[in-house]
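Notes follow once the structure below has been shown.
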Amino acid sequence: METKIIKAYDEAGLKYAASMLREGKTVIFPTETVYGLGADASNGSAIKDIFTAKGRPQDNPLIVHIPFPDDIEKYAHTESSIFFKRIAKEFMPGPITVILPKKEIISSEATAGLDSVGMRCPSHETAHRLLLYAKVPVAAPSANISGRPSPTEFAHVFEDMNGKVPFIIDGGKVDIGLESTVVSLLGEKVRILRPGGVTPEMLISVCGEENVITDEGVFGKLKEGQKPLSPGMKYRHYAPAAKITAVKGSDGSVRAFFKEKLDLGCAVLCWNEDKAFLPQNPKVLSMGSEEDFEAQASLLFEKLRAFDETNVKEIYARCPSREGLGLAVYNRLLRACAFEVIELDK
């Protein structure tokens, strides 16, 4: 398959890509979080092409994108949650997905057979214009081969998807670098299924501390037979080719451990503050300062992909904080590690 590249500033190209979505084709487009691989969410046949291109398990539900928050009412039952309007008013458009009971127009292929659907209104201008022109709900997981780090710039998308999809919209590098926060509004509480740019603290400020809970799936594996309500809950995700393990401990313990592993030919993903204590080595990469959660979110997937350009077989990574946006970085890294964590000072 020949893949056509459309520049984000090409208005005629965006309109053409939107028309192709209506005709059942797949289109990759940038959002403020990561690049998405989109198809008409009401077209089950088009949705199957997403799973084929990614090599994605079909029991992993997709998120449906629309141009305006009010459009969500066309595709999901918003009246079922007392928190929907609060969240929509405060955080949409933006990096948040709400799970609600779905309406029949959304194909069961997009929701992996679930009666609920994740709905999102991206704030990225290119994504907004594409969705506006498309006039259909667009289901879109991250535009990468399933299991790999999500794409945060055009080069990542081209590497994974050239020749597998008909259209890619080149929007350069995205802003946030981690997928949207996913919250379930199916119960009486706001349940965080996947942390992201809208943090637990931000949700608490709008919905009340007693009404916001974080699902145990954020910190560990799903139970046997448990169905994922959100992408990124069931399988090993975001992973480079090499085995990666998270490391917890004091600065001294972690830096000494990293030196030992570097001597053995392993690679290290660390903080900026660690680099002065480690040998200069191309296998040492930083994902930002220890306290700079925005930098970590922006750089995590980029650095994990960079390791694939080396012949390294093992990577050891600093375990991020679980505060604020750090929780999203923590969640993605643990998924990449398949929850393997070494605690040095235990």
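Letters for chains follow the order of the structure tokens (A, B, ...), residue numbers begin at 1 for each chain, and ligand numbers begin at 1 in the order shown.
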
Using DSSP assignments from the backbone, pull out every residue in region 46-112 of chain A that falls under helix (DSSP H, G or I) and give it to me as a ChimeraX atom specification. /A:46-54,69-75,78-80,84-91

Would you kindly return, as a list of chain:residue names, each protein, DNA or RNA residue with an atom no farther than 8 Å from any atom of Lys189 (chain A), considering only C-alpha atoms and excluding same-chain residues fewer than 5 positions away?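 Result of the neighbour search: A:Asn211, A:Val212, A:Ile213.
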
At a cut-off of 7 Å, using only C-alpha atoms, what residues contact region 107-111 of chain A? Leave out same-chain residues fewer than 6 positions from it and give the result as a ChimeraX atom specification. /A:41-44,47,61-62,117,139

Which residue, A:Val198, A:Leu325, A:Ala18, A:Val136, has the smallest gap to Met92 (chain A) when you use only C-alpha atoms?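 Closest residue, counting only C-alpha atoms: A:Val198.
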
Would you mind listing what lies within 10 Å of Asp40 (chain A) as an mmCIF file with N, CA and C atoms, in the first residue's frame, with only C-alpha atoms counted and same-chain residues fewer than 4 positions away left out?
```
data_model
loop_
_atom_site.group_PDB
_atom_site.id
_atom_site.type_symbol
_atom_site.label_atom_id
_atom_site.label_comp_id
_atom_site.auth_asym_id
_atom_site.auth_seq_id
_atom_site.Cartn_x
_atom_site.Cartn_y
_atom_site.Cartn_z
ATOM 1 N N ALA A 18 -10.525 13.908 5.330
ATOM 2 C CA ALA A 18 -11.818 13.788 6.009
ATOM 3 C C ALA A 18 -12.822 13.039 5.144
ATOM 4 N N MET A 20 -12.099 10.828 2.981
ATOM 5 C CA MET A 20 -11.673 9.430 2.976
ATOM 6 C C MET A 20 -12.127 8.703 4.244
ATOM 7 N N LEU A 21 -12.148 9.411 5.366
ATOM 8 C CA LEU A 21 -12.695 8.817 6.593
ATOM 9 C C LEU A 21 -14.163 8.445 6.388
ATOM 10 N N ARG A 22 -14.909 9.328 5.748
ATOM 11 C CA ARG A 22 -16.324 9.040 5.485
ATOM 12 C C ARG A 22 -16.488 7.838 4.556
ATOM 13 N N GLU A 23 -15.489 7.602 3.704
ATOM 14 C CA GLU A 23 -15.560 6.483 2.761
ATOM 15 C C GLU A 23 -15.006 5.184 3.355
ATOM 16 N N GLY A 24 -14.651 5.209 4.646
ATOM 17 C CA GLY A 24 -14.212 3.984 5.294
ATOM 18 C C GLY A 24 -12.722 3.746 5.283
ATOM 19 N N LYS A 25 -11.925 4.764 4.939
ATOM 20 C CA LYS A 25 -10.468 4.639 4.942
ATOM 21 C C LYS A 25 -9.909 5.020 6.319
ATOM 22 N N THR A 26 -8.660 4.627 6.569
ATOM 23 C CA THR A 26 -7.972 5.009 7.805
ATOM 24 C C THR A 26 -7.062 6.204 7.542
ATOM 25 N N VAL A 27 -6.977 7.087 8.532
ATOM 26 C CA VAL A 27 -6.151 8.294 8.443
ATOM 27 C C VAL A 27 -5.427 8.482 9.768
ATOM 28 N N GLY A 44 -18.008 -0.676 11.132
ATOM 29 C CA GLY A 44 -17.268 -1.805 11.699
ATOM 30 C C GLY A 44 -16.170 -2.315 10.802
ATOM 31 N N SER A 45 -16.374 -2.288 9.491
ATOM 32 C CA SER A 45 -15.360 -2.756 8.549
ATOM 33 C C SER A 45 -14.124 -1.858 8.573
ATOM 34 N N ALA A 46 -14.343 -0.540 8.639
ATOM 35 C CA ALA A 46 -13.228 0.401 8.710
ATOM 36 C C ALA A 46 -12.447 0.217 10.009
ATOM 37 N N ILE A 47 -13.154 -0.045 11.096
ATOM 38 C CA ILE A 47 -12.501 -0.244 12.391
ATOM 39 C C ILE A 47 -11.579 -1.458 12.345
ATOM 40 N N VAL A 64 -13.206 7.182 20.874
ATOM 41 C CA VAL A 64 -13.871 7.874 19.776
ATOM 42 C C VAL A 64 -13.673 9.389 19.929
ATOM 43 N N HIS A 65 -13.228 10.027 18.848
ATOM 44 C CA HIS A 65 -12.900 11.449 18.845
ATOM 45 C C HIS A 65 -13.965 12.244 18.090
ATOM 46 N N ILE A 106 -22.424 3.772 17.403
ATOM 47 C CA ILE A 106 -21.023 3.368 17.556
ATOM 48 C C ILE A 106 -20.934 1.852 17.380
ATOM 49 N N SER A 107 -20.059 1.417 16.475
ATOM 50 C CA SER A 107 -19.959 -0.010 16.160
ATOM 51 C C SER A 107 -19.397 -0.796 17.339
ATOM 52 N N ALA A 110 -15.605 -1.051 17.532
ATOM 53 C CA ALA A 110 -14.851 0.048 18.145
ATOM 54 C C ALA A 110 -14.764 -0.087 19.657
ATOM 55 N N ALA A 134 -14.762 15.860 8.775
ATOM 56 C CA ALA A 134 -15.134 14.448 8.595
ATOM 57 C C ALA A 134 -16.631 14.219 8.807
ATOM 58 N N LYS A 135 -17.191 14.898 9.794
ATOM 59 C CA LYS A 135 -18.628 14.770 10.099
ATOM 60 C C LYS A 135 -19.028 13.347 10.499
ATOM 61 N N VAL A 136 -18.044 12.559 10.955
ATOM 62 C CA VAL A 136 -18.326 11.232 11.514
ATOM 63 C C VAL A 136 -17.504 11.089 12.796
ATOM 64 N N PRO A 137 -17.961 10.271 13.748
ATOM 65 C CA PRO A 137 -17.143 10.018 14.937
ATOM 66 C C PRO A 137 -15.934 9.186 14.539
ATOM 67 N N VAL A 138 -14.763 9.535 15.027
ATOM 68 C CA VAL A 138 -13.531 8.879 14.587
ATOM 69 C C VAL A 138 -12.895 8.109 15.744
ATOM 70 N N ALA A 139 -12.903 6.790 15.635
ATOM 71 C CA ALA A 139 -12.216 5.944 16.617
ATOM 72 C C ALA A 139 -10.731 5.949 16.296
ATOM 73 N N ALA A 140 -9.890 6.161 17.309
ATOM 74 C CA ALA A 140 -8.457 6.293 17.023
ATOM 75 C C ALA A 140 -7.599 5.896 18.215
#
```

With the cut-off set at 12 Å and counting only C-alpha atoms, tabulate each residue of region 184-226 of chain A with an atom at most that distance from an atom of region 287-301 of chain A, showing the nearest atom pair and its distance in Å to one decimal, ordered by chain and increasing number, as a Markdown table.
```
| residue | atom | partner | partner_atom | distance |
| --- | --- | --- | --- | --- |
| A:Pro195 | CA | A:Ala297 | CA | 11.3 |
| A:Gly196 | CA | A:Ala297 | CA | 8.9 |
| A:Gly197 | CA | A:Ala297 | CA | 8.8 |
| A:Val198 | CA | A:Glu294 | CA | 11.9 |
| A:Thr199 | CA | A:Phe293 | CA | 11.4 |
```

Keeping only N, CA and C atoms, write those residues as a short mmCIF file (atom, residue, chain, number, x, y, z; two decimals), in the first residue's frame.
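This went into selection.cif:
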```
data_model
loop_
_atom_site.label_atom_id
_atom_site.label_comp_id
_atom_site.auth_asym_id
_atom_site.auth_seq_id
_atom_site.Cartn_x
_atom_site.Cartn_y
_atom_site.Cartn_z
N PRO A 195 -4.16 7.31 33.79
CA PRO A 195 -3.79 8.70 34.09
C PRO A 195 -3.18 9.37 32.86
N GLY A 196 -3.31 10.69 32.81
CA GLY A 196 -2.77 11.45 31.69
C GLY A 196 -2.65 12.91 32.03
N GLY A 197 -2.85 13.78 31.03
CA GLY A 197 -2.64 15.22 31.20
C GLY A 197 -3.60 15.87 32.17
N VAL A 198 -4.80 15.32 32.32
CA VAL A 198 -5.73 15.78 33.37
C VAL A 198 -5.47 14.89 34.58
N THR A 199 -4.86 15.46 35.60
CA THR A 199 -4.36 14.68 36.73
C THR A 199 -5.47 14.39 37.75
#
```

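Proximity to Ile28 (chain A) was assessed for A:Ala267, A:Leu132, A:Val182, A:Ala143 counting only C-alpha atoms; the smallest distance is recorded for A:Ala143.
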
Give me the residues near Leu278 (chain A) as an MDAnalysis selection string, where near means some atom within 10 Å (using only C-alpha atoms) and where sequence neighbours in that chain fewer than 5 positions away do not count. chainID A and resid 255:256 258:259 262 268 270 273 284

Please dump the current selection as a PDB file, in the first residue's frame; keep C-alpha atoms.
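The result, stored in out_30.pdb:
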```
ATOM      1  CA  ARG A 255      23.370   5.606  40.577  1.00  0.00           C
ATOM      2  CA  ALA A 256      25.668   2.844  41.842  1.00  0.00           C
ATOM      3  CA  PHE A 258      23.230   2.073  37.032  1.00  0.00           C
ATOM      4  CA  LYS A 259      27.051   2.139  36.889  1.00  0.00           C
ATOM      5  CA  LEU A 262      26.432   0.088  32.269  1.00  0.00           C
ATOM      6  CA  VAL A 268      20.009   3.457  31.479  1.00  0.00           C
ATOM      7  CA  CYS A 270      17.650   8.422  34.150  1.00  0.00           C
ATOM      8  CA  GLU A 273      20.475  15.056  37.877  1.00  0.00           C
ATOM      9  CA  VAL A 284      22.656   6.742  29.055  1.00  0.00           C
TER      10      VAL A 284
END
```

Using only C-alpha atoms, which protein or nucleic acid residues come within 12 Å of Pro282 (chain A)? Drop anything in the same chain fewer than 4 positions from it, and give the result as a ChimeraX atom specification. /A:262,265-269,275,278,286,303,306-307,309-312

As a count of residues only, please: the residues near region 214-223 of chain A (cut-off 6 Å, only C-alpha atoms, same-chain neighbours under 6 positions excluded). 3
